>>> print(open('upload26.json').read())   # JSON, C-alpha atoms
[["chain", "number", "residue", "atom", "x", "y", "z"],
["N", 713, "MET", "CA", -4.85, 70.09, 102.72],
["N", 714, "ASP", "CA", -5.92, 67.14, 100.74],
["N", 715, "GLN", "CA", -3.45, 66.04, 98.11],
["N", 716, "LYS", "CA", -4.78, 64.51, 94.96],
["N", 717, "THR", "CA", -3.41, 61.13, 94.30],
["N", 718, "PRO", "CA", -2.02, 60.95, 90.75],
["N", 719, "THR", "CA", -4.10, 58.71, 88.56],
["N", 720, "SER", "CA", -1.99, 55.88, 87.30],
["N", 721, "GLN", "CA", -1.99, 55.28, 83.53],
["N", 722, "PRO", "CA", -2.23, 51.74, 82.32],
["N", 723, "ALA", "CA", 1.02, 50.56, 80.88],
["N", 724, "SER", "CA", 0.92, 50.19, 77.12],
["N", 725, "ASN", "CA", 1.07, 46.65, 75.91],
["N", 726, "PRO", "CA", 3.21, 46.23, 72.79],
["N", 727, "ALA", "CA", 1.25, 43.10, 71.95],
["N", 728, "ASN", "CA", -1.88, 45.23, 71.51],
["N", 729, "SER", "CA", -0.34, 47.74, 69.10],
["N", 730, "PRO", "CA", -1.72, 47.77, 65.55],
["N", 731, "ALA", "CA", 1.63, 46.60, 64.17],
["N", 732, "ASN", "CA", 1.48, 43.48, 66.33],
["N", 733, "ASN", "CA", -2.19, 42.74, 65.80],
["N", 734, "PRO", "CA", -2.29, 39.17, 64.47],
["N", 735, "GLN", "CA", -5.47, 39.75, 62.48],
["N", 736, "ARG", "CA", -4.06, 42.85, 60.81],
["N", 737, "GLN", "CA", -0.80, 41.08, 59.97],
["N", 738, "SER", "CA", -2.73, 38.14, 58.53],
["N", 739, "GLY", "CA", -4.78, 40.52, 56.38],
["N", 740, "ARG", "CA", -1.64, 42.15, 55.02],
["N", 741, "TRP", "CA", -0.11, 38.82, 54.08],
["N", 742, "LYS", "CA", -3.31, 37.81, 52.31],
["N", 743, "LEU", "CA", -3.26, 41.08, 50.35],
["N", 744, "PHE", "CA", 0.37, 40.52, 49.34],
["N", 745, "ALA", "CA", -0.51, 36.97, 48.27],
["N", 746, "VAL", "CA", -3.37, 38.18, 46.06],
["N", 747, "ILE", "CA", -1.13, 40.79, 44.42],
["N", 748, "ALA", "CA", 1.56, 38.18, 43.80],
["N", 749, "VAL", "CA", -0.90, 35.75, 42.21],
["N", 750, "CYS", "CA", -2.29, 38.46, 39.92],
["N", 751, "ALA", "CA", 1.15, 39.68, 38.85],
["N", 752, "ALA", "CA", 2.73, 36.24, 38.37],
["N", 753, "PRO", "CA", 1.38, 35.52, 34.84],
["N", 754, "MET", "CA", 2.57, 38.87, 33.52],
["N", 755, "ILE", "CA", 6.00, 38.49, 35.13],
["N", 756, "ALA", "CA", 6.35, 34.92, 33.88],
["N", 757, "SER", "CA", 5.38, 35.86, 30.33],
["N", 758, "TYR", "CA", 7.81, 38.78, 30.28],
["N", 759, "PHE", "CA", 10.60, 36.58, 31.67],
["N", 760, "THR", "CA", 9.93, 33.83, 29.14],
["N", 761, "TYR", "CA", 10.16, 36.01, 26.06],
["N", 762, "TYR", "CA", 12.62, 38.71, 27.06],
["N", 763, "VAL", "CA", 15.04, 37.09, 29.50],
["N", 764, "ILE", "CA", 15.29, 33.41, 28.60],
["N", 765, "LYS", "CA", 17.39, 33.06, 25.47],
["N", 766, "PRO", "CA", 15.41, 32.01, 22.40],
["N", 767, "GLN", "CA", 17.96, 29.55, 20.93],
["N", 768, "SER", "CA", 16.07, 26.56, 22.29],
["N", 769, "ARG", "CA", 12.79, 27.66, 20.68],
["N", 770, "ASN", "CA", 11.85, 27.01, 17.07],
["N", 771, "ASN", "CA", 10.39, 30.32, 15.93],
["N", 772, "TYR", "CA", 9.56, 31.22, 12.36],
["N", 773, "GLY", "CA", 9.43, 34.95, 13.01],
["N", 774, "ALA", "CA", 12.51, 36.84, 14.20],
["N", 775, "LEU", "CA", 12.36, 37.63, 17.91],
["N", 776, "LEU", "CA", 13.17, 41.26, 18.65],
["N", 777, "ASP", "CA", 14.53, 42.66, 21.89],
["N", 778, "PRO", "CA", 11.97, 45.34, 22.86],
["N", 779, "ARG", "CA", 14.67, 47.30, 24.67],
["N", 780, "ASP", "CA", 16.21, 48.01, 21.26],
["N", 781, "TYR", "CA", 12.90, 49.07, 19.67],
["N", 782, "PRO", "CA", 10.74, 50.92, 22.20],
["N", 783, "VAL", "CA", 7.50, 52.12, 20.62],
["N", 784, "PRO", "CA", 8.02, 55.82, 19.85],
["N", 785, "GLU", "CA", 5.65, 58.71, 19.31],
["N", 786, "LEU", "CA", 4.64, 58.27, 15.66],
["N", 787, "GLY", "CA", 2.47, 61.36, 15.29],
["N", 788, "SER", "CA", -0.38, 58.96, 14.64],
["N", 789, "THR", "CA", -4.01, 59.90, 14.06],
["N", 790, "THR", "CA", -7.26, 58.24, 13.05],
["N", 791, "LEU", "CA", -8.53, 58.74, 9.50],
["N", 792, "ASP", "CA", -10.52, 61.78, 10.65],
["N", 793, "GLY", "CA", -7.42, 63.39, 12.14],
["N", 794, "LYS", "CA", -8.00, 62.66, 15.83],
["N", 795, "PRO", "CA", -4.90, 61.77, 17.90],
["N", 796, "ALA", "CA", -4.53, 58.02, 18.49],
["N", 797, "THR", "CA", -1.62, 55.75, 19.37],
["N", 798, "LEU", "CA", -0.72, 52.08, 19.54],
["N", 799, "ASP", "CA", -1.00, 52.42, 23.32],
["N", 800, "ASP", "CA", -4.76, 52.62, 22.80],
["N", 801, "TYR", "CA", -4.70, 48.89, 22.06],
["N", 802, "LYS", "CA", -2.59, 47.75, 24.99],
["N", 803, "GLY", "CA", -3.87, 44.54, 26.48],
["N", 804, "LYS", "CA", -4.15, 42.90, 23.03],
["N", 805, "TRP", "CA", -1.70, 41.15, 20.75],
["N", 806, "LEU", "CA", -1.23, 43.41, 17.73],
["N", 807, "MET", "CA", -0.42, 42.24, 14.20],
["N", 808, "VAL", "CA", 0.93, 45.36, 12.52],
["N", 809, "GLN", "CA", 1.59, 46.22, 8.89],
["N", 810, "ALA", "CA", 2.82, 49.49, 7.40],
["N", 811, "ASP", "CA", 1.94, 50.67, 3.91],
["N", 812, "GLY", "CA", 0.74, 53.57, 1.80],
["N", 813, "GLY", "CA", -2.90, 54.52, 1.44],
["N", 814, "ASP", "CA", -3.16, 53.34, -2.17],
["N", 815, "CYS", "CA", -2.71, 49.77, -0.81],
["N", 816, "LEU", "CA", -1.65, 47.84, -3.88],
["N", 817, "LYS", "CA", -1.56, 44.03, -4.13],
["N", 818, "ALA", "CA", 1.24, 43.42, -1.60],
["N", 819, "CYS", "CA", -0.56, 45.62, 0.93],
["N", 820, "GLN", "CA", -3.87, 43.85, 0.34],
["N", 821, "ASP", "CA", -2.17, 40.46, 0.64],
["N", 822, "LYS", "CA", -0.92, 41.37, 4.12],
["N", 823, "LEU", "CA", -4.34, 42.66, 5.16],
["N", 824, "PHE", "CA", -5.85, 39.38, 3.98],
["N", 825, "GLU", "CA", -3.24, 37.32, 5.83],
["N", 826, "MET", "CA", -3.73, 39.23, 9.08],
["N", 827, "ARG", "CA", -7.50, 38.78, 8.87],
["N", 828, "GLN", "CA", -7.17, 35.05, 8.21],
["N", 829, "LEU", "CA", -4.52, 34.55, 10.88],
["N", 830, "ARG", "CA", -6.78, 36.14, 13.45],
["N", 831, "LEU", "CA", -9.74, 34.00, 12.39],
["N", 832, "MET", "CA", -7.62, 30.84, 12.59],
["N", 833, "GLN", "CA", -7.05, 31.42, 16.30],
["N", 834, "GLY", "CA", -10.65, 30.34, 16.95],
["N", 835, "LYS", "CA", -11.80, 31.18, 20.47],
["N", 836, "GLU", "CA", -8.54, 33.06, 21.07],
["N", 837, "MET", "CA", -9.13, 35.49, 18.20],
["N", 838, "GLU", "CA", -10.53, 38.20, 20.47],
["N", 839, "ARG", "CA", -7.07, 38.53, 22.01],
["N", 840, "VAL", "CA", -5.67, 39.73, 18.68],
["N", 841, "GLU", "CA", -6.08, 43.06, 16.88],
["N", 842, "ARG", "CA", -4.99, 44.01, 13.35],
["N", 843, "VAL", "CA", -3.37, 47.42, 12.82],
["N", 844, "TRP", "CA", -2.53, 49.13, 9.54],
["N", 845, "LEU", "CA", -0.06, 52.01, 9.92],
["N", 846, "ILE", "CA", -0.73, 54.23, 6.91],
["N", 847, "THR", "CA", 2.41, 56.02, 5.80],
["N", 848, "ASP", "CA", 0.94, 58.85, 3.69],
["N", 849, "ASP", "CA", -2.11, 61.05, 3.23],
["N", 850, "GLN", "CA", -3.57, 59.15, 0.29],
["N", 851, "PRO", "CA", -7.29, 58.28, 0.55],
["N", 852, "LEU", "CA", -7.94, 54.61, 1.25],
["N", 853, "PRO", "CA", -9.75, 52.54, -1.41],
["N", 854, "THR", "CA", -13.37, 52.08, -0.32],
["N", 855, "MET", "CA", -13.42, 48.42, -1.33],
["N", 856, "VAL", "CA", -10.30, 47.70, 0.76],
["N", 857, "MET", "CA", -11.85, 49.34, 3.82],
["N", 858, "ARG", "CA", -15.01, 47.29, 3.39],
["N", 859, "GLU", "CA", -13.16, 44.03, 2.75],
["N", 860, "TYR", "CA", -10.96, 44.39, 5.80],
["N", 861, "ASP", "CA", -13.38, 46.07, 8.16],
["N", 862, "GLY", "CA", -12.18, 45.63, 11.74],
["N", 863, "THR", "CA", -8.57, 46.50, 10.95],
["N", 864, "ARG", "CA", -7.43, 49.43, 13.10],
["N", 865, "LEU", "CA", -6.31, 52.32, 10.87],
["N", 866, "LEU", "CA", -3.71, 54.85, 11.98],
["N", 867, "ARG", "CA", -1.95, 57.43, 9.85],
["N", 868, "VAL", "CA", 1.66, 57.87, 10.95],
["N", 869, "LYS", "CA", 4.64, 60.00, 10.00],
["N", 870, "PRO", "CA", 6.76, 57.82, 7.68],
["N", 871, "ALA", "CA", 10.13, 59.14, 8.85],
["N", 872, "LEU", "CA", 9.34, 58.28, 12.48],
["N", 873, "LEU", "CA", 8.07, 54.84, 11.47],
["N", 874, "LYS", "CA", 11.17, 54.09, 9.37],
["N", 875, "ALA", "CA", 13.44, 55.02, 12.28],
["N", 876, "TRP", "CA", 11.61, 52.55, 14.53],
["N", 877, "LEU", "CA", 10.75, 49.34, 12.69],
["N", 878, "PRO", "CA", 13.70, 46.98, 12.00],
["N", 879, "THR", "CA", 13.81, 45.30, 8.60],
["N", 880, "GLU", "CA", 15.65, 42.44, 6.94],
["N", 881, "ALA", "CA", 18.38, 43.18, 4.40],
["N", 882, "ASP", "CA", 17.03, 44.59, 1.13],
["N", 883, "THR", "CA", 13.51, 45.01, 2.49],
["N", 884, "SER", "CA", 11.39, 47.83, 3.88],
["N", 885, "ALA", "CA", 8.89, 47.92, 6.74],
["N", 886, "ALA", "CA", 6.11, 47.49, 4.15],
["N", 887, "ASP", "CA", 7.44, 43.99, 3.40],
["N", 888, "HIS", "CA", 6.82, 42.65, 6.91],
["N", 889, "ILE", "CA", 4.13, 41.91, 9.46],
["N", 890, "TYR", "CA", 5.17, 42.78, 13.01],
["N", 891, "LEU", "CA", 3.87, 41.58, 16.35],
["N", 892, "ILE", "CA", 3.42, 43.72, 19.47],
["N", 893, "ASP", "CA", 2.62, 42.03, 22.78],
["N", 894, "PRO", "CA", -0.15, 43.11, 25.20],
["N", 895, "LEU", "CA", 2.36, 45.09, 27.27],
["N", 896, "GLY", "CA", 3.12, 47.29, 24.26],
["N", 897, "HIS", "CA", 6.48, 45.74, 23.31],
["N", 898, "LEU", "CA", 7.56, 45.16, 19.71],
["N", 899, "MET", "CA", 8.68, 41.55, 19.94],
["N", 900, "MET", "CA", 8.57, 39.77, 16.56],
["N", 901, "ARG", "CA", 9.01, 40.40, 12.83],
["N", 902, "PHE", "CA", 7.85, 37.99, 10.15],
["N", 903, "PRO", "CA", 9.80, 37.69, 6.89],
["N", 904, "LYS", "CA", 8.87, 39.10, 3.50],
["N", 905, "ASP", "CA", 6.32, 36.89, 1.73],
["N", 906, "ALA", "CA", 5.86, 34.95, 4.96],
["N", 907, "ASP", "CA", 4.36, 31.46, 5.01],
["N", 908, "PRO", "CA", 0.92, 31.98, 6.67],
["N", 909, "ASN", "CA", 0.92, 28.48, 8.18],
["N", 910, "LYS", "CA", 4.22, 29.12, 9.95],
["N", 911, "VAL", "CA", 3.06, 32.55, 11.14],
["N", 912, "LYS", "CA", -0.08, 30.89, 12.50],
["N", 913, "LYS", "CA", 2.02, 28.39, 14.48],
["N", 914, "ASP", "CA", 4.10, 31.19, 16.04],
["N", 915, "LEU", "CA", 1.03, 33.20, 16.98],
["N", 916, "SER", "CA", -0.79, 30.16, 18.37],
["N", 917, "LYS", "CA", 2.20, 29.20, 20.52],
["N", 918, "LEU", "CA", 2.45, 32.71, 21.91],
["N", 919, "LEU", "CA", -1.24, 32.82, 22.78],
["N", 920, "ARG", "CA", -1.06, 29.43, 24.49],
["N", 921, "ALA", "CA", 2.06, 30.28, 26.45],
["N", 922, "SER", "CA", 0.98, 33.76, 27.54],
["N", 923, "ALA", "CA", -1.50, 34.47, 30.30],
["N", 924, "ILE", "CA", -1.67, 38.14, 29.33],
["N", 925, "GLY", "CA", -3.74, 39.69, 26.59]]
>>> encode(input="upload26.json", output="structure tokens")
Amino acid sequence: MDQKTPTSQPASNPANSPANNPQRQSGRWKLFAVIAVCAAPMIASYFTYYVIKPQSRNNYGALLDPRDYPVPELGSTTLDGKPATLDDYKGKWLMVQADGGDCLKACQDKLFEMRQLRLMQGKEMERVERVWLITDDQPLPTMVMREYDGTRLLRVKPALLKAWLPTEADTSAADHIYLIDPLGHLMMRFPKDADPNKVKKDLSKLLRASAIG
């Protein structure tokens, strides 16, 4: 009786396995390199402002540690009652003011300053948004809305806002302009009756130093 001779199987070569394929390994390293290059500016910006101590920098505004003031749910809506949040503007630098809907002189002064500060950034102005957090249900003056068209308008719950925004002694949140970075971190508060030229210098330095937003 004929016996079938077992067919020999070629020995596997570890060098030919996908894990040891030089082309595949090279492709993976290139992918990792691209990811690292894309992430580096964001990591560097975050490290600069939130890890390196600010004593050596000459800031006009007060730097805030975002870990102490994470942006909360503010129950915010657009003027027509649709849900909206500050997260909707992530990727931009946000100048933020808080005030009532009647918007008296101090409120209008801050709206004017935010508009001018944005314009003074020149070609960088598109990186900046203006946000007015409205702390009541009062109707907004038509002339104010027209004058400061382009300002993002959000109605918020005042108690939630008060629990979040830090203030200087003997002031309220309505006395300040705040700055939120493109990652959504509250990171600076400007003083009451702030000097616009000094605010401009702070904002310009941040835009120059940051590769995000």
>>> closest_residue(input="upload26.json", among="N:Lys817, N:Arg901, N:Arg842, N:Lys869", to="N:Leu829", atoms="all atoms listed in the file")
N:Arg842
>>> residues_near_point(input="upload26.json", point="(5.9, 60.7, 10.5)", cutoff="12 Å", atoms="only C-alpha atoms", output="PyMOL selection string")
chain N and resi 784-789+845-849+866-876
>>> atom_distance(input="upload26.json", atom1="atom CA of N:Arg779", atom2="atom CA of N:Trp844")
23.0 Å
>>> residues_around(input="upload26.json", residues="N:Thr854", least_positions_apart="3", cutoff="12 Å", atoms="all atoms listed in the file", output="short mmCIF file (atom, residue, chain, number, x, y, z; two decimals) with C-alpha atoms, in the coordinates of the input")
data_model
loop_
_atom_site.label_atom_id
_atom_site.label_comp_id
_atom_site.auth_asym_id
_atom_site.auth_seq_id
_atom_site.Cartn_x
_atom_site.Cartn_y
_atom_site.Cartn_z
CA GLY N 813 -2.90 54.52 1.44
CA ASP N 814 -3.16 53.34 -2.17
CA CYS N 815 -2.71 49.77 -0.81
CA PRO N 851 -7.29 58.28 0.55
CA MET N 857 -11.85 49.34 3.82
CA ARG N 858 -15.01 47.29 3.39
CA GLU N 859 -13.16 44.03 2.75
CA TYR N 860 -10.96 44.39 5.80
CA ASP N 861 -13.38 46.07 8.16
#
>>> atom_distance(input="upload26.json", atom1="atom CA of N:Lys794", atom2="atom CA of N:Phe824")
26.2 Å
>>> closest_residue(input="upload26.json", among="N:Gln850, N:Asn770, N:Ser916, N:Thr797", to="N:Arg864", atoms="all atoms listed in the file")
N:Thr797
>>> closest_residue(input="upload26.json", among="N:Gln820, N:Val856, N:Pro903, N:Trp741", to="N:Pro878", atoms="only C-alpha atoms")
N:Pro903
